[in-house]
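To start, the structure itself, in structure tokens.
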Amino acid sequence: IENMKTFLIFLFVALLAISARAEKDFSFDSAAPPETKSRFAMLDDVRILANGLLQLGHGLKDFVHKTRGQMNDIFQKLNIFDKSFYELSLQTSEIKEEEEQLRQTTARLQINNEEIKNLSQEMNSKIEYLIQNKIQLQEKVWGLEDKVTKLATIQPTMQETNEISSLKAFVQQQDNHIKQLLRIVEDQHVQLDRQHNQIMELEDKLNHIELQEITDNSFLVDQAEPEVIPFLVHNSTALTYKLDGAAPDCTALYNSGIRSDGIYTIKPNGSEAFDVYCEMKFGTSWTVIQNRIDGSLDFNQTWDTYEHGFGDLKGEFWLGLNKTYSITTQGDYILRIELQDWKDSKRYIEYAFSLGSPETNYTLRLSRVSGNIPNALPEQTELRFSTTDRDTGIATNFNCPENYLGGWWHSECEETNLNGKYVTPRSRGRLDRKKGLYWKPKKGRYYLLKSTKIMIHPTDLKGFD
């Protein structure tokens, strides 16, 4: 703009100079023809004027360009100002919201402060009351001390001393009499427990006598001249089994005359020989297929391991699904489960059962026969064995073996878990729910277990109805 003003002033001065020169030429050259002088003077003026106008146009053009650029800068600054103003308005709104929240918080704090003030007043009143009670108790204590002091200064008479001695003797006599009664009660309690255990044993024997009356004796082979064939016995006494071939199970060993618990070699029909642990009880012998006593063995194993067996027959072990299946294919068997909780209480349950082939994933089907604990396994239902790497159980997204750390015939992942992780109670027999070994009836409490044992025994019970 300043350059434009300078240019206009310069143009105005140039026009004034041209006008003055034209007047001077006209006055000095009056002898020349007026028309000619006037024509030449006007042409120069026009040229100068045209040149000035041209420069004025260029200047105006530059001015327009500069003005346009300045206007664009102004518009950009206005846009920036608008954005800044918008952001400032947003921040202002946020500040207002925070201010409102702060106001509400202040109101709540005031209310809490009032409540605390009221509580403080109540506490002060209670403290004053306690102080008054303390003063009263101190006064009573002082009074008792005075009385004790007075009693200490008073010597008892001879008659009072004799009475006190007789009372002490009577109390001592009564105390001895109570102790004798307590010992008698304890002895009676022990006898009652022993009688209860004897009754339980008798009940078990009666149940097995009833089953034994219908036991299938097809394992015994009568021959005119039986051949004596030795078999492997893992105990201190060497024994032989008189039969055409090795015994098919522990019950056949018992029927041949063996009466000692231990590890023996059996050979079921159509199977290879293998070792089992035989337990003699109830006037017969049972083949143990699972034993857990102290958690020394990890039961979170694969399908192949559960199928072929694992562990030590002298301690914790799982006999193996294929071995158990080879035994049960010889006839009808009964399944006995023995349980012991952390209070050393013992329970059992027995089922008539059938075990499917490997093609059916060793499907288990149960029917309760007897027992002194509520049932926790579904009856008349096909239960498929499952492990962490092979879940063939219930059709849900919940992998029972993976979550409960052990292979089992799961149905609803909650009825029992005898092959789960062995967990000892934290204190006083307490154990987290669904952790460790447990037996859970459908309607009933959890039985948290310290040891479990599963055994089988032949019977001629007919198939399931």
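In the structure tokens, chains take the letters A, B, ... in the order shown, each chain's residues start at 1, and ligands count up from 1 in the order shown.
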
I'd like the neighbourhood of A:Ala247 as a VMD selection string, where a residue qualifies if any of its atoms comes within 6 Å (using only C-alpha atoms), though same-chain residues fewer than 3 positions away should be ignored. chain A and resid 252 266 to 267

Report the residues of stretch 321-458 of chain A whose backbone DSSP state falls under strand (DSSP E), written as a VMD selection string. chain A and resid 333 to 341 346 to 355 364 to 371 438 to 439 447 to 458

Report as a Markdown table the residues of stretch 278-324 of chain A within 9 Å of stretch 448-451 of chain A, each with its shortest atom pair and distance in Å (one decimal), using only C-alpha atoms, ordered by chain and increasing residue number.
```
| residue | atom | partner | partner_atom | distance |
| --- | --- | --- | --- | --- |
| A:Asn291 | CA | A:Ser451 | CA | 7.7 |
| A:Arg292 | CA | A:Ser451 | CA | 5.3 |
| A:Ile293 | CA | A:Ser451 | CA | 4.6 |
| A:Asp294 | CA | A:Ser451 | CA | 7.1 |
| A:Gly295 | CA | A:Ser451 | CA | 8.8 |
```

For stretch 276-285 of chain A, please output as a PDB file with C-alpha atoms, in the first residue's frame all residues within 6 Å (counting only C-alpha atoms; exclusion window: fewer than 5 positions along the same chain).
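What ended up in selection04.pdb:
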```
ATOM      1  CA  LYS A 205     -19.905-110.770  54.639  1.00  0.00           C
ATOM      2  CA  CYS A 250      -7.462-113.394  41.886  1.00  0.00           C
ATOM      3  CA  THR A 251     -10.671-115.227  42.823  1.00  0.00           C
ATOM      4  CA  TYR A 254      -8.130-117.969  46.238  1.00  0.00           C
ATOM      5  CA  ASP A 261      -2.433-110.550  49.855  1.00  0.00           C
ATOM      6  CA  GLY A 262       0.192-109.807  47.262  1.00  0.00           C
ATOM      7  CA  ILE A 263       1.252-109.444  43.642  1.00  0.00           C
ATOM      8  CA  TYR A 264       0.493-112.446  41.400  1.00  0.00           C
TER       9      TYR A 264
END
```

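Counting only C-alpha atoms, stretch 376-383 of chain A has the following residues at most 6 Å away, ignoring those fewer than 2 positions along the same chain: Thr363, Leu364, Arg365, Leu366, Ser367, Trp409, Glu415, Lys440 and Pro441 of chain A.
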
Limited to N, CA, C and O atoms, could you put the picked residues into a file as a short mmCIF file (atom, residue, chain, number, x, y, z; two decimals), in the first residue's frame?
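Result file is selection-v9.cif:
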```
data_model
loop_
_atom_site.label_atom_id
_atom_site.label_comp_id
_atom_site.auth_asym_id
_atom_site.auth_seq_id
_atom_site.Cartn_x
_atom_site.Cartn_y
_atom_site.Cartn_z
N THR A 363 -16.54 -98.20 27.43
CA THR A 363 -17.79 -97.69 28.01
C THR A 363 -18.14 -98.46 29.28
O THR A 363 -18.11 -99.69 29.30
N LEU A 364 -18.49 -97.74 30.33
CA LEU A 364 -18.84 -98.33 31.62
C LEU A 364 -20.33 -98.15 31.86
O LEU A 364 -20.89 -97.08 31.64
N ARG A 365 -20.96 -99.24 32.34
CA ARG A 365 -22.38 -99.21 32.67
C ARG A 365 -22.58 -99.84 34.04
O ARG A 365 -22.09 -100.94 34.28
N LEU A 366 -23.28 -99.14 34.95
CA LEU A 366 -23.34 -99.53 36.35
C LEU A 366 -24.76 -99.78 36.81
O LEU A 366 -25.72 -99.21 36.26
N SER A 367 -24.88 -100.62 37.86
CA SER A 367 -26.14 -100.83 38.56
C SER A 367 -25.80 -101.12 40.01
O SER A 367 -25.15 -102.13 40.31
N TRP A 409 -14.44 -91.97 33.98
CA TRP A 409 -15.70 -92.11 33.25
C TRP A 409 -16.60 -90.94 33.65
O TRP A 409 -17.49 -91.06 34.49
N GLU A 415 -19.83 -85.59 39.57
CA GLU A 415 -20.29 -86.66 40.44
C GLU A 415 -19.16 -87.24 41.29
O GLU A 415 -19.34 -87.55 42.44
N LYS A 440 -19.10 -87.14 45.12
CA LYS A 440 -20.19 -86.18 45.22
C LYS A 440 -21.48 -86.81 44.69
O LYS A 440 -21.69 -86.94 43.49
N PRO A 441 -22.37 -87.25 45.62
CA PRO A 441 -23.69 -87.72 45.17
C PRO A 441 -24.49 -86.60 44.51
O PRO A 441 -24.20 -85.41 44.69
#
```

Checklist line | Which of stretch 268-314 of chain A DSSP labels helix (DSSP H, G or I), written as a ChimeraX atom specification | finding: /A:303-308

Those same residues - C-alpha atoms - I'd like them written as an mmCIF file, in the first residue's frame.
```
data_model
loop_
_atom_site.group_PDB
_atom_site.id
_atom_site.type_symbol
_atom_site.label_atom_id
_atom_site.label_comp_id
_atom_site.auth_asym_id
_atom_site.auth_seq_id
_atom_site.Cartn_x
_atom_site.Cartn_y
_atom_site.Cartn_z
ATOM 1 C CA TRP A 303 -4.914 -92.150 27.022
ATOM 2 C CA ASP A 304 -2.211 -94.700 26.131
ATOM 3 C CA THR A 305 -0.929 -94.732 29.716
ATOM 4 C CA TYR A 306 -4.417 -95.262 31.139
ATOM 5 C CA GLU A 307 -5.019 -97.985 28.581
ATOM 6 C CA HIS A 308 -1.862 -99.980 29.421
#
```

Using only C-alpha atoms, the shortest atom-to-atom distance to A:Thr329 among A:Ser260, A:Pro248, A:Leu405, A:Phe299 belongs to A:Pro248
